[in-house]
>>> print(open('work-v9.cif').read())   # mmCIF, C-alpha atoms
data_final
#
loop_
_atom_site.group_PDB
_atom_site.id
_atom_site.type_symbol
_atom_site.label_atom_id
_atom_site.label_comp_id
_atom_site.auth_asym_id
_atom_site.auth_seq_id
_atom_site.Cartn_x
_atom_site.Cartn_y
_atom_site.Cartn_z
ATOM 1 C CA MET A 104 7.117 14.082 15.326
ATOM 2 C CA SER A 105 8.913 11.936 12.809
ATOM 3 C CA ASP A 106 12.224 12.627 11.121
ATOM 4 C CA LYS A 107 11.055 10.583 8.154
ATOM 5 C CA THR A 108 10.150 12.258 4.885
ATOM 6 C CA LYS A 109 6.771 11.792 3.250
ATOM 7 C CA PHE A 110 6.713 10.761 -0.401
ATOM 8 C CA GLU A 111 3.986 9.954 -2.881
ATOM 9 C CA LEU A 112 3.819 7.773 -5.985
ATOM 10 C CA GLU A 113 1.125 7.290 -8.580
ATOM 11 C CA PHE A 114 0.601 4.255 -10.804
ATOM 12 C CA VAL A 115 -2.012 3.800 -13.533
ATOM 13 C CA ILE A 116 -3.676 0.420 -13.042
ATOM 14 C CA GLN A 117 -5.988 -1.204 -15.558
ATOM 15 C CA SER A 118 -8.537 -2.614 -13.154
ATOM 16 C CA SER A 119 -11.870 -1.766 -11.641
ATOM 17 C CA PRO A 120 -11.658 0.061 -8.292
ATOM 18 C CA GLN A 121 -13.635 -2.788 -6.689
ATOM 19 C CA MET A 122 -11.208 -5.474 -7.852
ATOM 20 C CA LEU A 123 -8.143 -3.390 -6.995
ATOM 21 C CA TYR A 124 -9.470 -2.705 -3.490
ATOM 22 C CA GLN A 125 -9.617 -6.451 -2.767
ATOM 23 C CA TYR A 126 -5.850 -6.604 -3.357
ATOM 24 C CA LEU A 127 -5.203 -3.667 -1.027
ATOM 25 C CA ALA A 128 -7.468 -4.439 1.913
ATOM 26 C CA THR A 129 -7.609 -8.222 2.366
ATOM 27 C CA PRO A 130 -4.895 -10.569 3.646
ATOM 28 C CA SER A 131 -5.376 -12.912 0.677
ATOM 29 C CA GLY A 132 -5.141 -10.003 -1.789
ATOM 30 C CA LEU A 133 -2.090 -8.454 -0.123
ATOM 31 C CA SER A 134 -0.278 -11.801 0.006
ATOM 32 C CA GLU A 135 -0.543 -12.046 -3.790
ATOM 33 C CA TRP A 136 1.721 -9.024 -4.361
ATOM 34 C CA PHE A 137 2.735 -7.101 -1.240
ATOM 35 C CA ALA A 138 4.207 -9.773 1.034
ATOM 36 C CA ASP A 139 4.929 -13.507 0.997
ATOM 37 C CA ASN A 140 2.073 -14.063 3.425
ATOM 38 C CA VAL A 141 -0.416 -11.830 5.249
ATOM 39 C CA ASN A 142 -2.614 -12.682 8.217
ATOM 40 C CA SER A 143 -5.048 -10.491 10.083
ATOM 41 C CA ARG A 144 -6.877 -10.425 13.376
ATOM 42 C CA GLY A 145 -9.309 -7.547 13.346
ATOM 43 C CA GLU A 146 -7.396 -4.341 12.644
ATOM 44 C CA MET A 147 -3.964 -5.990 13.082
ATOM 45 C CA PHE A 148 -2.196 -7.333 9.992
ATOM 46 C CA SER A 149 0.945 -9.499 10.015
ATOM 47 C CA PHE A 150 3.090 -9.130 6.899
ATOM 48 C CA ILE A 151 5.650 -11.894 6.345
ATOM 49 C CA TRP A 152 8.670 -11.583 4.032
ATOM 50 C CA ASP A 153 11.400 -14.237 3.867
ATOM 51 C CA GLY A 154 10.527 -15.471 7.340
ATOM 52 C CA SER A 155 10.551 -12.059 9.047
ATOM 53 C CA GLU A 156 7.277 -10.679 10.292
ATOM 54 C CA GLU A 157 6.089 -7.066 10.572
ATOM 55 C CA GLU A 158 2.887 -6.000 12.289
ATOM 56 C CA ALA A 159 0.740 -3.139 11.028
ATOM 57 C CA LYS A 160 -2.554 -1.734 12.203
ATOM 58 C CA MET A 161 -5.210 -0.788 9.669
ATOM 59 C CA LEU A 162 -5.996 2.771 10.739
ATOM 60 C CA LYS A 163 -8.717 3.563 8.207
ATOM 61 C CA ARG A 164 -10.353 2.191 5.140
ATOM 62 C CA LYS A 165 -13.130 3.095 2.783
ATOM 63 C CA SER A 166 -14.433 0.416 0.490
ATOM 64 C CA ASP A 167 -13.154 0.726 -3.114
ATOM 65 C CA GLU A 168 -11.283 3.950 -2.201
ATOM 66 C CA PHE A 169 -8.355 3.571 0.212
ATOM 67 C CA VAL A 170 -6.606 1.733 3.043
ATOM 68 C CA LYS A 171 -4.248 3.270 5.572
ATOM 69 C CA PHE A 172 -1.827 1.287 7.762
ATOM 70 C CA ALA A 173 0.707 2.151 10.463
ATOM 71 C CA TRP A 174 3.633 -0.140 11.284
ATOM 72 C CA GLU A 175 3.545 -1.279 14.902
ATOM 73 C CA GLU A 176 7.248 -0.708 15.593
ATOM 74 C CA SER A 177 7.118 2.932 14.472
ATOM 75 C CA ASP A 178 6.770 5.236 17.456
ATOM 76 C CA ASP A 179 5.949 8.247 15.313
ATOM 77 C CA ASP A 180 3.026 9.436 13.228
ATOM 78 C CA THR A 181 4.091 7.771 9.968
ATOM 79 C CA TYR A 182 1.818 5.529 7.958
ATOM 80 C CA PHE A 183 1.410 4.126 4.487
ATOM 81 C CA GLU A 184 -1.708 4.654 2.473
ATOM 82 C CA MET A 185 -2.913 3.143 -0.785
ATOM 83 C CA LYS A 186 -5.614 5.236 -2.429
ATOM 84 C CA ILE A 187 -7.617 4.422 -5.547
ATOM 85 C CA ILE A 188 -8.265 7.458 -7.745
ATOM 86 C CA VAL A 189 -10.620 7.301 -10.734
ATOM 87 C CA ASP A 190 -10.314 10.049 -13.332
ATOM 88 C CA GLU A 191 -13.806 11.453 -13.813
ATOM 89 C CA ILE A 192 -13.358 12.031 -17.539
ATOM 90 C CA THR A 193 -11.222 9.136 -18.784
ATOM 91 C CA LYS A 194 -12.257 6.674 -16.031
ATOM 92 C CA ASP A 195 -8.573 5.685 -15.740
ATOM 93 C CA VAL A 196 -7.821 4.062 -12.390
ATOM 94 C CA SER A 197 -4.689 5.113 -10.501
ATOM 95 C CA LEU A 198 -3.146 3.739 -7.345
ATOM 96 C CA PHE A 199 -1.785 6.611 -5.256
ATOM 97 C CA ILE A 200 0.763 5.560 -2.608
ATOM 98 C CA THR A 201 1.733 7.732 0.354
ATOM 99 C CA ASP A 202 4.607 6.481 2.521
ATOM 100 C CA PHE A 203 7.465 7.725 4.688
ATOM 101 C CA ALA A 204 11.192 6.947 4.637
ATOM 102 C CA ASP A 205 14.442 8.348 5.951
ATOM 103 C CA GLU A 206 15.804 11.014 3.613
ATOM 104 C CA ASP A 207 18.653 8.795 2.413
ATOM 105 C CA GLU A 208 16.315 5.834 1.801
ATOM 106 C CA ILE A 209 13.583 7.512 -0.285
ATOM 107 C CA ASP A 210 14.913 6.328 -3.671
ATOM 108 C CA GLU A 211 15.166 2.782 -2.338
ATOM 109 C CA ALA A 212 11.649 2.942 -0.859
ATOM 110 C CA LYS A 213 10.229 4.243 -4.141
ATOM 111 C CA MET A 214 11.963 1.448 -6.041
ATOM 112 C CA LEU A 215 10.506 -1.111 -3.620
ATOM 113 C CA TRP A 216 6.986 0.258 -4.225
ATOM 114 C CA GLU A 217 7.573 0.225 -7.992
ATOM 115 C CA ASN A 218 8.567 -3.443 -7.801
ATOM 116 C CA GLN A 219 5.607 -4.310 -5.560
ATOM 117 C CA VAL A 220 3.118 -2.500 -7.812
ATOM 118 C CA SER A 221 4.648 -4.206 -10.839
ATOM 119 C CA ASP A 222 3.787 -7.523 -9.151
ATOM 120 C CA LEU A 223 0.284 -6.220 -8.425
ATOM 121 C CA LYS A 224 -0.207 -5.301 -12.084
ATOM 122 C CA GLN A 225 0.850 -8.814 -13.113
ATOM 123 C CA VAL A 226 -1.623 -10.382 -10.689
ATOM 124 C CA LEU A 227 -4.374 -8.107 -12.036
ATOM 125 C CA GLY A 228 -3.409 -8.724 -15.670
ATOM 126 C CA SER A 229 -2.795 -4.983 -16.024
ATOM 127 C CA LYS A 230 0.001 -3.502 -18.175
#
>>> encode(input="work-v9.cif", output="structure tokens")
Amino acid sequence: MSDKTKFELEFVIQSSPQMLYQYLATPSGLSEWFADNVNSRGEMFSFIWDGSEEEAKMLKRKSDEFVKFAWEESDDDTYFEMKIIVDEITKDVSLFITDFADEDEIDEAKMLWENQVSDLKQVLGSK
């Protein structure tokens, strides 16, 4: 069991679920906002930031709905998930992030996601 704490964030994104999903589930989409470069071989994704590389396995995905990854170096049951939620009434699209961090690093992790999603919104032309 992990000693990391689960946290969740929600961002309203002005985009279609189909378009947003392409930025969450494909190496070319992810490299536009999440990392400097992303490569994949099957279920394994390599995320590259400033020359350092992290491997993650895509655990699950459902087209236009969500992707779920687990970092290779983590020996626990943590993961990060990006879920697309569409409000049935307003049709607003939200990106719902679930991730894990050490208790003393949660604020920093949330800020990192906020910065990443801000980049995503710019790429999508969303406000």
>>> atom_distance(input="work-v9.cif", atom1="atom CA of A:Val220", atom2="atom CA of A:Lys109")
18.4 Å
>>> resolve_selection(input="work-v9.cif", expression="the PyMOL selection byres ((chain A and resi 199) around 12)", output="ChimeraX atom specification")
/A:110-116,123,127,168-171,183-189,196-198,200-202,216-217,220
>>> resolve_selection(input="work-v9.cif", expression="the PyMOL selection byres ((chain A and resi 205) around 12)", output="list in words")
Ser105, Asp106, Lys107, Thr108, Lys109, Phe110, Thr181, Asp202, Phe203, Ala204, Glu206, Asp207, Glu208, Ile209, Asp210, Glu211, Ala212 and Lys213 of chain A
>>> closest_residue(input="work-v9.cif", among="A:Asp153, A:Asp195, A:Glu135, A:Glu146", to="A:Phe172", atoms="all atoms listed in the file")
A:Glu146
>>> resolve_selection(input="work-v9.cif", expression="the PyMOL selection byres ((chain A and resi 224-226) around 8)", output="short mmCIF file (atom, residue, chain, number, x, y, z; two decimals) with C-alpha atoms, in the frame of the given file")
data_model
loop_
_atom_site.label_atom_id
_atom_site.label_comp_id
_atom_site.auth_asym_id
_atom_site.auth_seq_id
_atom_site.Cartn_x
_atom_site.Cartn_y
_atom_site.Cartn_z
CA ILE A 116 -3.68 0.42 -13.04
CA GLN A 117 -5.99 -1.20 -15.56
CA GLU A 135 -0.54 -12.05 -3.79
CA TRP A 136 1.72 -9.02 -4.36
CA VAL A 220 3.12 -2.50 -7.81
CA SER A 221 4.65 -4.21 -10.84
CA ASP A 222 3.79 -7.52 -9.15
CA LEU A 223 0.28 -6.22 -8.43
CA LEU A 227 -4.37 -8.11 -12.04
CA GLY A 228 -3.41 -8.72 -15.67
CA SER A 229 -2.80 -4.98 -16.02
CA LYS A 230 0.00 -3.50 -18.18
#
>>> closest_residue(input="work-v9.cif", among="A:Lys160, A:Lys194, A:Lys165, A:Arg144", to="A:Tyr182", atoms="all atoms listed in the file")
A:Lys160
>>> atom_distance(input="work-v9.cif", atom1="atom CA of A:Ser166", atom2="atom CA of A:Tyr124")
7.1 Å
>>> atom_distance(input="work-v9.cif", atom1="atom CA of A:Ser155", atom2="atom CA of A:Asn142")
13.2 Å
>>> closest_residue(input="work-v9.cif", among="A:Ser149, A:Thr129, A:Gln219, A:Thr193", to="A:Trp174", atoms="all atoms listed in the file")
A:Ser149
>>> closest_residue(input="work-v9.cif", among="A:Asn140, A:Tyr126, A:Asp167, A:Ser119", to="A:Gly154", atoms="all atoms listed in the file")
A:Asn140
>>> residues_around(input="work-v9.cif", residues="A:Ala138", least_positions_apart="6", cutoff="7 Å", atoms="all atoms listed in the file", output="ChimeraX atom specification")
/A:150-152
>>> write_last_selection(input="work-v9.cif", atoms="C-alpha atoms", output="PDB file, keeping the file's coordinate frame")
ATOM      1  CA  PHE A 150       3.090  -9.130   6.899  1.00  0.00           C
ATOM      2  CA  ILE A 151       5.650 -11.894   6.345  1.00  0.00           C
ATOM      3  CA  TRP A 152       8.670 -11.583   4.032  1.00  0.00           C
TER       4      TRP A 152
END
>>> build_atoms(input="work-v9.cif", residues="stretch 203-226 of chain A", atoms="N, CA and C atoms", output="tab-separated table (two decimals), in the frame of the given file")
chain	number	residue	atom	x	y	z
A	203	PHE	N	6.41	6.94	4.04
A	203	PHE	CA	7.46	7.72	4.69
A	203	PHE	C	8.75	6.92	4.69
A	204	ALA	N	9.88	7.60	4.56
A	204	ALA	CA	11.19	6.95	4.64
A	204	ALA	C	12.22	7.97	5.11
A	205	ASP	N	13.33	7.46	5.62
A	205	ASP	CA	14.44	8.35	5.95
A	205	ASP	C	14.91	9.00	4.66
A	206	GLU	N	15.39	10.23	4.78
A	206	GLU	CA	15.80	11.01	3.61
A	206	GLU	C	16.72	10.23	2.68
A	207	ASP	N	17.68	9.52	3.24
A	207	ASP	CA	18.65	8.80	2.41
A	207	ASP	C	18.13	7.45	1.90
A	208	GLU	N	16.88	7.11	2.25
A	208	GLU	CA	16.32	5.83	1.80
A	208	GLU	C	15.09	6.02	0.90
A	209	ILE	N	14.79	7.25	0.51
A	209	ILE	CA	13.58	7.51	-0.28
A	209	ILE	C	13.66	6.84	-1.65
A	210	ASP	N	14.79	6.96	-2.35
A	210	ASP	CA	14.91	6.33	-3.67
A	210	ASP	C	14.71	4.82	-3.58
A	211	GLU	N	15.30	4.22	-2.55
A	211	GLU	CA	15.17	2.78	-2.34
A	211	GLU	C	13.71	2.41	-2.03
A	212	ALA	N	13.05	3.20	-1.21
A	212	ALA	CA	11.65	2.94	-0.86
A	212	ALA	C	10.75	3.07	-2.09
A	213	LYS	N	11.02	4.07	-2.91
A	213	LYS	CA	10.23	4.24	-4.14
A	213	LYS	C	10.42	3.05	-5.07
A	214	MET	N	11.68	2.59	-5.17
A	214	MET	CA	11.96	1.45	-6.04
A	214	MET	C	11.24	0.19	-5.53
A	215	LEU	N	11.21	0.03	-4.22
A	215	LEU	CA	10.51	-1.11	-3.62
A	215	LEU	C	9.02	-1.06	-3.99
A	216	TRP	N	8.40	0.11	-3.85
A	216	TRP	CA	6.99	0.26	-4.22
A	216	TRP	C	6.79	-0.03	-5.71
A	217	GLU	N	7.71	0.47	-6.56
A	217	GLU	CA	7.57	0.22	-7.99
A	217	GLU	C	7.61	-1.27	-8.30
A	218	ASN	N	8.49	-1.99	-7.61
A	218	ASN	CA	8.57	-3.44	-7.80
A	218	ASN	C	7.30	-4.13	-7.30
A	219	GLN	N	6.82	-3.70	-6.12
A	219	GLN	CA	5.61	-4.31	-5.56
A	219	GLN	C	4.41	-4.07	-6.49
A	220	VAL	N	4.26	-2.84	-6.96
A	220	VAL	CA	3.12	-2.50	-7.81
A	220	VAL	C	3.24	-3.20	-9.16
A	221	SER	N	4.46	-3.43	-9.61
A	221	SER	CA	4.65	-4.21	-10.84
A	221	SER	C	4.09	-5.62	-10.64
A	222	ASP	N	4.35	-6.21	-9.48
A	222	ASP	CA	3.79	-7.52	-9.15
A	222	ASP	C	2.27	-7.46	-9.10
A	223	LEU	N	1.74	-6.40	-8.51
A	223	LEU	CA	0.28	-6.22	-8.43
A	223	LEU	C	-0.33	-6.17	-9.82
A	224	LYS	N	0.31	-5.42	-10.71
A	224	LYS	CA	-0.21	-5.30	-12.08
A	224	LYS	C	-0.22	-6.67	-12.77
A	225	GLN	N	0.82	-7.47	-12.52
A	225	GLN	CA	0.85	-8.81	-13.11
A	225	GLN	C	-0.30	-9.66	-12.59
A	226	VAL	N	-0.54	-9.61	-11.30
A	226	VAL	CA	-1.62	-10.38	-10.69
A	226	VAL	C	-2.97	-9.96	-11.28
